[in-house]
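Student: Below you'll find data.csv; it's CSV, N, CA and C atoms.
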chain,number,residue,atom,x,y,z
C,860,MET,N,34.3,-50.5,19.4
C,860,MET,CA,33.5,-50.8,18.3
C,860,MET,C,32.1,-50.2,18.5
C,861,LEU,N,31.6,-49.6,17.4
C,861,LEU,CA,30.3,-48.9,17.5
C,861,LEU,C,29.2,-49.9,17.5
C,862,ALA,N,28.2,-49.6,18.2
C,862,ALA,CA,27.1,-50.6,18.4
C,862,ALA,C,26.3,-50.8,17.1
C,863,TYR,N,26.0,-52.0,16.8
C,863,TYR,CA,25.3,-52.4,15.5
C,863,TYR,C,24.0,-51.7,15.4
C,864,ASN,N,23.3,-51.6,16.6
C,864,ASN,CA,21.9,-50.9,16.5
C,864,ASN,C,22.0,-49.5,16.2
C,865,LEU,N,23.1,-48.8,16.7
C,865,LEU,CA,23.3,-47.4,16.4
C,865,LEU,C,23.5,-47.2,14.9
C,866,LEU,N,24.3,-48.0,14.3
C,866,LEU,CA,24.5,-47.9,12.9
C,866,LEU,C,23.3,-48.2,12.1
C,867,ARG,N,22.5,-49.2,12.5
C,867,ARG,CA,21.3,-49.5,11.8
C,867,ARG,C,20.3,-48.4,11.9
C,868,SER,N,20.2,-47.8,13.1
C,868,SER,CA,19.2,-46.7,13.2
C,868,SER,C,19.7,-45.5,12.4
C,869,LEU,N,21.0,-45.2,12.3
C,869,LEU,CA,21.4,-44.1,11.4
C,869,LEU,C,21.1,-44.4,10.0
C,870,MET,N,21.3,-45.7,9.6
C,870,MET,CA,21.0,-46.0,8.2
C,870,MET,C,19.5,-45.9,7.9
C,871,TRP,N,18.7,-46.3,8.9
C,871,TRP,CA,17.2,-46.2,8.8
C,871,TRP,C,16.8,-44.7,8.7
C,872,SER,N,17.4,-43.9,9.5
C,872,SER,CA,17.0,-42.4,9.5
C,872,SER,C,17.5,-41.8,8.2
C,873,ALA,N,18.7,-42.2,7.7
C,873,ALA,CA,19.1,-41.6,6.4
C,873,ALA,C,18.3,-42.0,5.3
C,874,GLY,N,17.9,-43.3,5.3
C,874,GLY,CA,17.1,-43.8,4.1
C,874,GLY,C,15.7,-43.3,4.1
C,875,THR,N,15.1,-43.2,5.3
C,875,THR,CA,13.7,-42.7,5.3
C,875,THR,C,13.7,-41.1,5.1
C,876,THR,N,14.7,-40.4,5.5
C,876,THR,CA,14.7,-39.0,5.3
C,876,THR,C,15.0,-38.6,3.9
C,877,TYR,N,15.8,-39.3,3.2
C,877,TYR,CA,16.2,-39.0,1.8
C,877,TYR,C,15.7,-40.0,0.8
C,878,THR,N,14.6,-40.7,1.1
C,878,THR,CA,13.9,-41.7,0.2
C,878,THR,C,14.9,-42.6,-0.5
C,879,THR,N,15.7,-43.3,0.3
C,879,THR,CA,16.6,-44.3,-0.3
C,879,THR,C,16.3,-45.6,0.6
C,880,PRO,N,16.1,-46.7,0.0
C,880,PRO,CA,15.9,-47.9,0.8
C,880,PRO,C,17.0,-48.2,1.8
C,881,PRO,N,16.7,-48.2,3.1
C,881,PRO,CA,17.8,-48.4,4.1
C,881,PRO,C,18.6,-49.6,3.9
C,882,LEU,N,18.0,-50.7,3.3
C,882,LEU,CA,18.7,-51.9,3.2
C,882,LEU,C,19.8,-51.8,2.1
C,883,ARG,N,19.7,-50.8,1.3
C,883,ARG,CA,20.7,-50.5,0.2
C,883,ARG,C,21.9,-49.7,0.7
C,884,LEU,N,21.9,-49.3,1.9
C,884,LEU,CA,23.0,-48.5,2.5
C,884,LEU,C,24.0,-49.4,3.1
C,885,SER,N,25.3,-48.9,3.0
C,885,SER,CA,26.4,-49.7,3.4
C,885,SER,C,26.6,-49.6,4.9
C,886,LEU,N,26.6,-50.7,5.6
C,886,LEU,CA,26.9,-50.7,7.1
C,886,LEU,C,28.3,-50.2,7.4
C,887,GLN,N,29.3,-50.7,6.7
C,887,GLN,CA,30.6,-50.3,6.9
C,887,GLN,C,30.9,-48.8,6.5
C,888,GLY,N,30.2,-48.4,5.4
C,888,GLY,CA,30.3,-47.0,5.0
C,888,GLY,C,29.7,-46.1,6.1
C,889,THR,N,28.6,-46.5,6.7
C,889,THR,CA,28.0,-45.7,7.7
C,889,THR,C,28.9,-45.6,8.9
C,890,ARG,N,29.5,-46.8,9.3
C,890,ARG,CA,30.5,-46.8,10.4
C,890,ARG,C,31.6,-45.8,10.1
C,891,HIS,N,32.2,-45.9,8.9
C,891,HIS,CA,33.3,-45.1,8.6
C,891,HIS,C,33.0,-43.6,8.7
C,892,HIS,N,31.8,-43.2,8.1
C,892,HIS,CA,31.4,-41.8,8.1
C,892,HIS,C,31.1,-41.3,9.6
C,893,LEU,N,30.5,-42.2,10.4
C,893,LEU,CA,30.2,-41.8,11.7
C,893,LEU,C,31.5,-41.6,12.5
C,894,ILE,N,32.4,-42.4,12.4
C,894,ILE,CA,33.7,-42.3,13.1
C,894,ILE,C,34.4,-40.9,12.7
C,895,ASN,N,34.3,-40.6,11.4
C,895,ASN,CA,34.8,-39.3,11.0
C,895,ASN,C,34.1,-38.1,11.5
C,896,PHE,N,32.7,-38.2,11.7
C,896,PHE,CA,31.9,-37.1,12.2
C,896,PHE,C,31.9,-37.0,13.7
C,897,ILE,N,32.3,-38.0,14.5
C,897,ILE,CA,32.2,-38.0,15.9
C,897,ILE,C,32.9,-36.8,16.6
C,898,PRO,N,34.2,-36.5,16.2
C,898,PRO,CA,34.9,-35.4,16.8
C,898,PRO,C,34.2,-34.0,16.5
C,899,LYS,N,33.7,-33.9,15.3
C,899,LYS,CA,33.0,-32.6,15.0
C,899,LYS,C,31.7,-32.5,15.8
C,900,LEU,N,30.9,-33.6,15.9
C,900,LEU,CA,29.7,-33.6,16.7
C,900,LEU,C,29.9,-33.3,18.1
C,901,GLU,N,31.0,-33.8,18.7
C,901,GLU,CA,31.3,-33.6,20.1
C,901,GLU,C,31.7,-32.1,20.4
C,902,ALA,N,32.4,-31.5,19.4
C,902,ALA,CA,32.8,-30.1,19.6
C,902,ALA,C,31.8,-29.1,19.3
C,903,ALA,N,30.7,-29.5,18.6
C,903,ALA,CA,29.7,-28.5,18.2
C,903,ALA,C,28.6,-28.2,19.3
C,904,ASP,N,28.0,-27.1,19.1
C,904,ASP,CA,26.9,-26.8,20.0
C,904,ASP,C,25.6,-27.4,19.4
C,905,SER,N,24.5,-27.2,20.1
C,905,SER,CA,23.3,-28.0,19.7
C,905,SER,C,22.8,-27.6,18.3
C,906,LYS,N,22.9,-26.3,17.9
C,906,LYS,CA,22.5,-25.9,16.6
C,906,LYS,C,23.4,-26.5,15.5
C,907,GLN,N,24.7,-26.4,15.7
C,907,GLN,CA,25.6,-27.0,14.8
C,907,GLN,C,25.5,-28.5,14.7
C,908,ARG,N,25.3,-29.1,15.9
C,908,ARG,CA,25.1,-30.6,15.9
C,908,ARG,C,24.0,-31.1,15.0
C,909,LEU,N,22.9,-30.4,15.1
C,909,LEU,CA,21.7,-30.7,14.2
C,909,LEU,C,22.1,-30.6,12.7
C,910,ARG,N,22.8,-29.6,12.4
C,910,ARG,CA,23.2,-29.4,11.0
C,910,ARG,C,24.2,-30.5,10.6
C,911,LEU,N,25.2,-30.8,11.5
C,911,LEU,CA,26.1,-31.9,11.2
C,911,LEU,C,25.5,-33.2,11.1
C,912,TYR,N,24.4,-33.5,11.9
C,912,TYR,CA,23.7,-34.7,11.8
C,912,TYR,C,23.0,-34.9,10.5
C,913,ARG,N,22.4,-33.8,10.0
C,913,ARG,CA,21.7,-33.8,8.7
C,913,ARG,C,22.8,-34.0,7.6
C,914,THR,N,23.9,-33.4,7.7
C,914,THR,CA,25.0,-33.6,6.7
C,914,THR,C,25.5,-35.1,6.8
C,915,LEU,N,25.6,-35.7,7.9
C,915,LEU,CA,26.0,-37.0,8.1
C,915,LEU,C,25.0,-38.0,7.4
C,916,LEU,N,23.7,-37.7,7.5
C,916,LEU,CA,22.7,-38.5,6.9
C,916,LEU,C,22.8,-38.4,5.4
C,917,LYS,N,23.1,-37.2,4.9
C,917,LYS,CA,23.2,-37.0,3.4
C,917,LYS,C,24.4,-37.8,2.9
C,918,VAL,N,25.5,-37.8,3.6
C,918,VAL,CA,26.7,-38.5,3.2
C,918,VAL,C,26.5,-40.0,3.2
C,919,ILE,N,25.7,-40.5,4.2
C,919,ILE,CA,25.4,-41.9,4.3
C,919,ILE,C,24.6,-42.3,3.1
C,920,VAL,N,23.6,-41.5,2.7
C,920,VAL,CA,22.7,-41.9,1.6
C,920,VAL,C,23.5,-41.8,0.3
C,921,HIS,N,24.5,-40.9,0.2
C,921,HIS,CA,25.3,-40.8,-1.0
C,921,HIS,C,26.1,-42.0,-1.3
C,922,LYS,N,26.4,-42.8,-0.3
C,922,LYS,CA,27.2,-44.0,-0.6
C,922,LYS,C,26.3,-45.3,-0.6
C,923,ALA,N,25.2,-45.3,-1.3
C,923,ALA,CA,24.3,-46.4,-1.4
C,923,ALA,C,25.0,-47.6,-2.2
C,924,VAL,N,24.7,-48.8,-1.8
C,924,VAL,CA,25.3,-50.0,-2.4
C,924,VAL,C,24.5,-50.3,-3.6
C,925,PRO,N,25.1,-50.5,-4.8
C,925,PRO,CA,24.3,-50.8,-6.0
C,925,PRO,C,23.5,-52.2,-5.8
C,926,ASP,N,22.4,-52.3,-6.6
C,926,ASP,CA,21.7,-53.5,-6.6
C,926,ASP,C,22.5,-54.6,-7.3
C,927,ARG,N,22.6,-55.8,-6.7
C,927,ARG,CA,23.3,-56.9,-7.2
C,927,ARG,C,22.4,-58.1,-7.3
C,928,PRO,N,21.6,-58.2,-8.3
C,928,PRO,CA,20.6,-59.3,-8.4
C,928,PRO,C,21.3,-60.6,-8.5
C,929,GLY,N,20.7,-61.6,-7.9
C,929,GLY,CA,21.3,-63.0,-8.0
C,929,GLY,C,22.5,-63.2,-7.1
C,930,ARG,N,23.0,-62.2,-6.4
C,930,ARG,CA,24.1,-62.4,-5.5
C,930,ARG,C,23.8,-63.0,-4.2
C,931,SER,N,24.4,-64.0,-3.8
C,931,SER,CA,24.2,-64.6,-2.5
C,931,SER,C,25.5,-64.9,-1.9
C,932,GLU,N,25.6,-64.8,-0.6
C,932,GLU,CA,26.8,-65.1,0.2
C,932,GLU,C,26.5,-66.2,1.2
C,933,PRO,N,26.6,-67.4,0.8
C,933,PRO,CA,26.2,-68.5,1.7
C,933,PRO,C,27.2,-68.6,2.8
C,934,ARG,N,26.8,-69.1,3.9
C,934,ARG,CA,27.7,-69.4,5.0
C,934,ARG,C,28.3,-70.7,4.8
C,935,VAL,N,29.6,-70.7,4.8
C,935,VAL,CA,30.4,-72.0,4.6
C,935,VAL,C,31.5,-72.0,5.5
C,936,ARG,N,32.1,-73.2,5.7
C,936,ARG,CA,33.3,-73.3,6.5
C,936,ARG,C,34.5,-72.8,5.7
C,937,LYS,N,35.3,-72.0,6.3
C,937,LYS,CA,36.4,-71.4,5.5
C,937,LYS,C,37.7,-72.2,5.7
C,938,ARG,N,37.8,-73.0,6.7
C,938,ARG,CA,39.1,-73.7,6.9
C,938,ARG,C,38.8,-75.2,6.8
C,939,ARG,N,39.8,-75.9,6.3
C,939,ARG,CA,39.7,-77.4,6.3
C,939,ARG,C,39.9,-77.9,7.7
C,940,PRO,N,39.3,-79.0,8.1
C,940,PRO,CA,39.5,-79.6,9.4
C,940,PRO,C,41.0,-80.0,9.5
C,941,LYS,N,41.5,-79.8,10.7
C,941,LYS,CA,42.9,-80.2,11.0
C,941,LYS,C,43.0,-81.6,11.4
C,942,ILE,N,44.2,-82.2,11.4
C,942,ILE,CA,44.4,-83.6,11.8
C,942,ILE,C,44.4,-83.8,13.3
C,943,TYR,N,44.4,-82.7,14.0
C,943,TYR,CA,44.5,-82.9,15.5
C,943,TYR,C,43.2,-83.2,16.1
C,944,PRO,N,43.2,-83.9,17.2
C,944,PRO,CA,41.9,-84.2,17.9
C,944,PRO,C,41.3,-83.0,18.6
C,945,LEU,N,40.0,-83.1,18.8
C,945,LEU,CA,39.4,-82.0,19.6
C,945,LEU,C,39.7,-82.2,21.1
C,946,MET,N,39.8,-81.1,21.8
C,946,MET,CA,40.1,-81.1,23.2
C,946,MET,C,38.7,-81.3,23.9
C,947,THR,N,38.4,-82.5,24.3
C,947,THR,CA,37.1,-82.8,24.9
C,947,THR,C,37.2,-83.1,26.4
C,948,LYS,N,38.4,-82.9,26.9
C,948,LYS,CA,38.6,-83.1,28.4
C,948,LYS,C,39.4,-81.9,28.9
C,949,PRO,N,39.5,-81.6,30.2
C,949,PRO,CA,40.2,-80.5,30.7
C,949,PRO,C,41.7,-80.4,30.2
C,950,ARG,N,42.2,-79.2,30.1
C,950,ARG,CA,43.5,-79.0,29.7
C,950,ARG,C,44.5,-79.7,30.5
C,951,HIS,N,44.3,-79.7,31.9
C,951,HIS,CA,45.3,-80.3,32.7
C,951,HIS,C,45.5,-81.8,32.4
C,952,GLU,N,44.4,-82.5,32.0
C,952,GLU,CA,44.5,-83.9,31.6
C,952,GLU,C,45.3,-84.1,30.4
C,953,TRP,N,45.1,-83.1,29.4
C,953,TRP,CA,45.9,-83.1,28.2
C,953,TRP,C,47.4,-83.0,28.5
C,954,GLU,N,47.7,-82.0,29.3
C,954,GLU,CA,49.1,-81.7,29.7
C,954,GLU,C,49.7,-82.9,30.4
C,955,GLN,N,48.9,-83.6,31.2
C,955,GLN,CA,49.5,-84.8,31.9
C,955,GLN,C,49.8,-85.9,30.9
C,956,ALA,N,48.9,-86.1,29.9
C,956,ALA,CA,49.1,-87.1,28.9
C,956,ALA,C,50.4,-86.8,28.1
C,957,ILE,N,50.6,-85.6,27.8
C,957,ILE,CA,51.8,-85.2,27.0
C,957,ILE,C,53.0,-85.4,27.9
C,958,ALA,N,52.9,-85.0,29.2
C,958,ALA,CA,54.1,-85.2,30.1
C,958,ALA,C,54.4,-86.7,30.3
C,959,ASN,N,53.4,-87.5,30.2
C,959,ASN,CA,53.7,-89.0,30.4
C,959,ASN,C,54.2,-89.6,29.1
C,960,GLY,N,54.4,-88.8,28.0
C,960,GLY,CA,55.0,-89.3,26.8
C,960,GLY,C,54.0,-89.8,25.8
C,961,LEU,N,52.8,-89.6,25.9
C,961,LEU,CA,51.8,-90.1,24.9
C,961,LEU,C,51.8,-89.2,23.7
C,962,ASN,N,51.8,-89.8,22.6
C,962,ASN,CA,51.7,-89.1,21.3
C,962,ASN,C,50.3,-88.5,21.1
C,963,HIS,N,50.2,-87.2,20.8
C,963,HIS,CA,48.9,-86.6,20.7
C,963,HIS,C,48.1,-87.2,19.6
C,964,LYS,N,48.7,-87.8,18.6
C,964,LYS,CA,47.9,-88.4,17.5
C,964,LYS,C,47.3,-89.8,17.9
C,965,ARG,N,48.0,-90.4,18.9
C,965,ARG,CA,47.4,-91.7,19.3
C,965,ARG,C,46.5,-91.5,20.5
C,966,PHE,N,46.7,-90.4,21.2
C,966,PHE,CA,45.9,-90.1,22.4
C,966,PHE,C,44.5,-89.7,22.1
C,967,SER,N,43.5,-90.4,22.5
C,967,SER,CA,42.2,-90.0,22.2
C,967,SER,C,41.4,-89.7,23.5
C,968,PHE,N,40.7,-88.6,23.4
C,968,PHE,CA,39.9,-88.1,24.5
C,968,PHE,C,38.4,-88.6,24.4
C,969,SER,N,38.0,-89.2,23.3
C,969,SER,CA,36.6,-89.5,23.2
C,969,SER,C,36.2,-90.8,23.9
Would you put the structure from the file into structure tokens?

Tutor:
Amino acid sequence: MLAYNLLRSLMWSAGTTYTTPPLRLSLQGTRHHLINFIPKLEAADSKQRLRLYRTLLKVIVHKAVPDRPGRSEPRVRKRRPKIYPLMTKPRHEWEQAIANGLNHKRFSFS
């Protein structure tokens, strides 16, 4: 997985170089384009690498995310709580309780 800071610095460089707000650039789009450019960048000499880097910045800026006013993505719990108890004691104690025939719904660790 590519480092988050590397992607952010690429987005920042692309935005400031081509006068696009860096916060409007797509993080996943940047990751996708960088993954596609890495083999070319590795195979290039220093002069070609600079040209490829500038091309990468242009491609990143080209995929700007449109402004979406009023859009918010609040953090919420995605799954309903399950009926099973939380494991609040070591696993070996839980396994012993099951081996002794205790029902996990009646067995409480709290």

Student: Mind giving me the straight-line distance from CA of Val918 (chain C) to CA of Phe896 (chain C) in Å, one decimal?

Tutor: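 Interatomic distance, CA of Val918 (chain C) to CA of Phe896 (chain C): 10.5 Å.
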
Student: For Tyr912 (chain C), please output as number ranges by chain all residues within 12 Å (counting only C-alpha atoms; exclusion window: fewer than 6 positions along the same chain).

Tutor: C: 869, 872-873, 876, 892-893, 896-897, 899-901, 903-906, 918-919

Student: Give me the residues near Pro881 (chain C) as a list of chain:residue names, where near means some atom within 6 Å (using only N, CA and C atoms) and where sequence neighbours in that chain fewer than 5 positions away do not count.

Tutor: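 Answer for this query is C:Met870, C:Trp871, C:Gly874, C:Thr875.
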
Student: Quick one: pull the distance between CA of Leu911 (chain C) and CA of His891 (chain C), Å, one decimal.

Tutor: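 Interatomic distance, CA of Leu911 (chain C) to CA of His891 (chain C): 15.3 Å.
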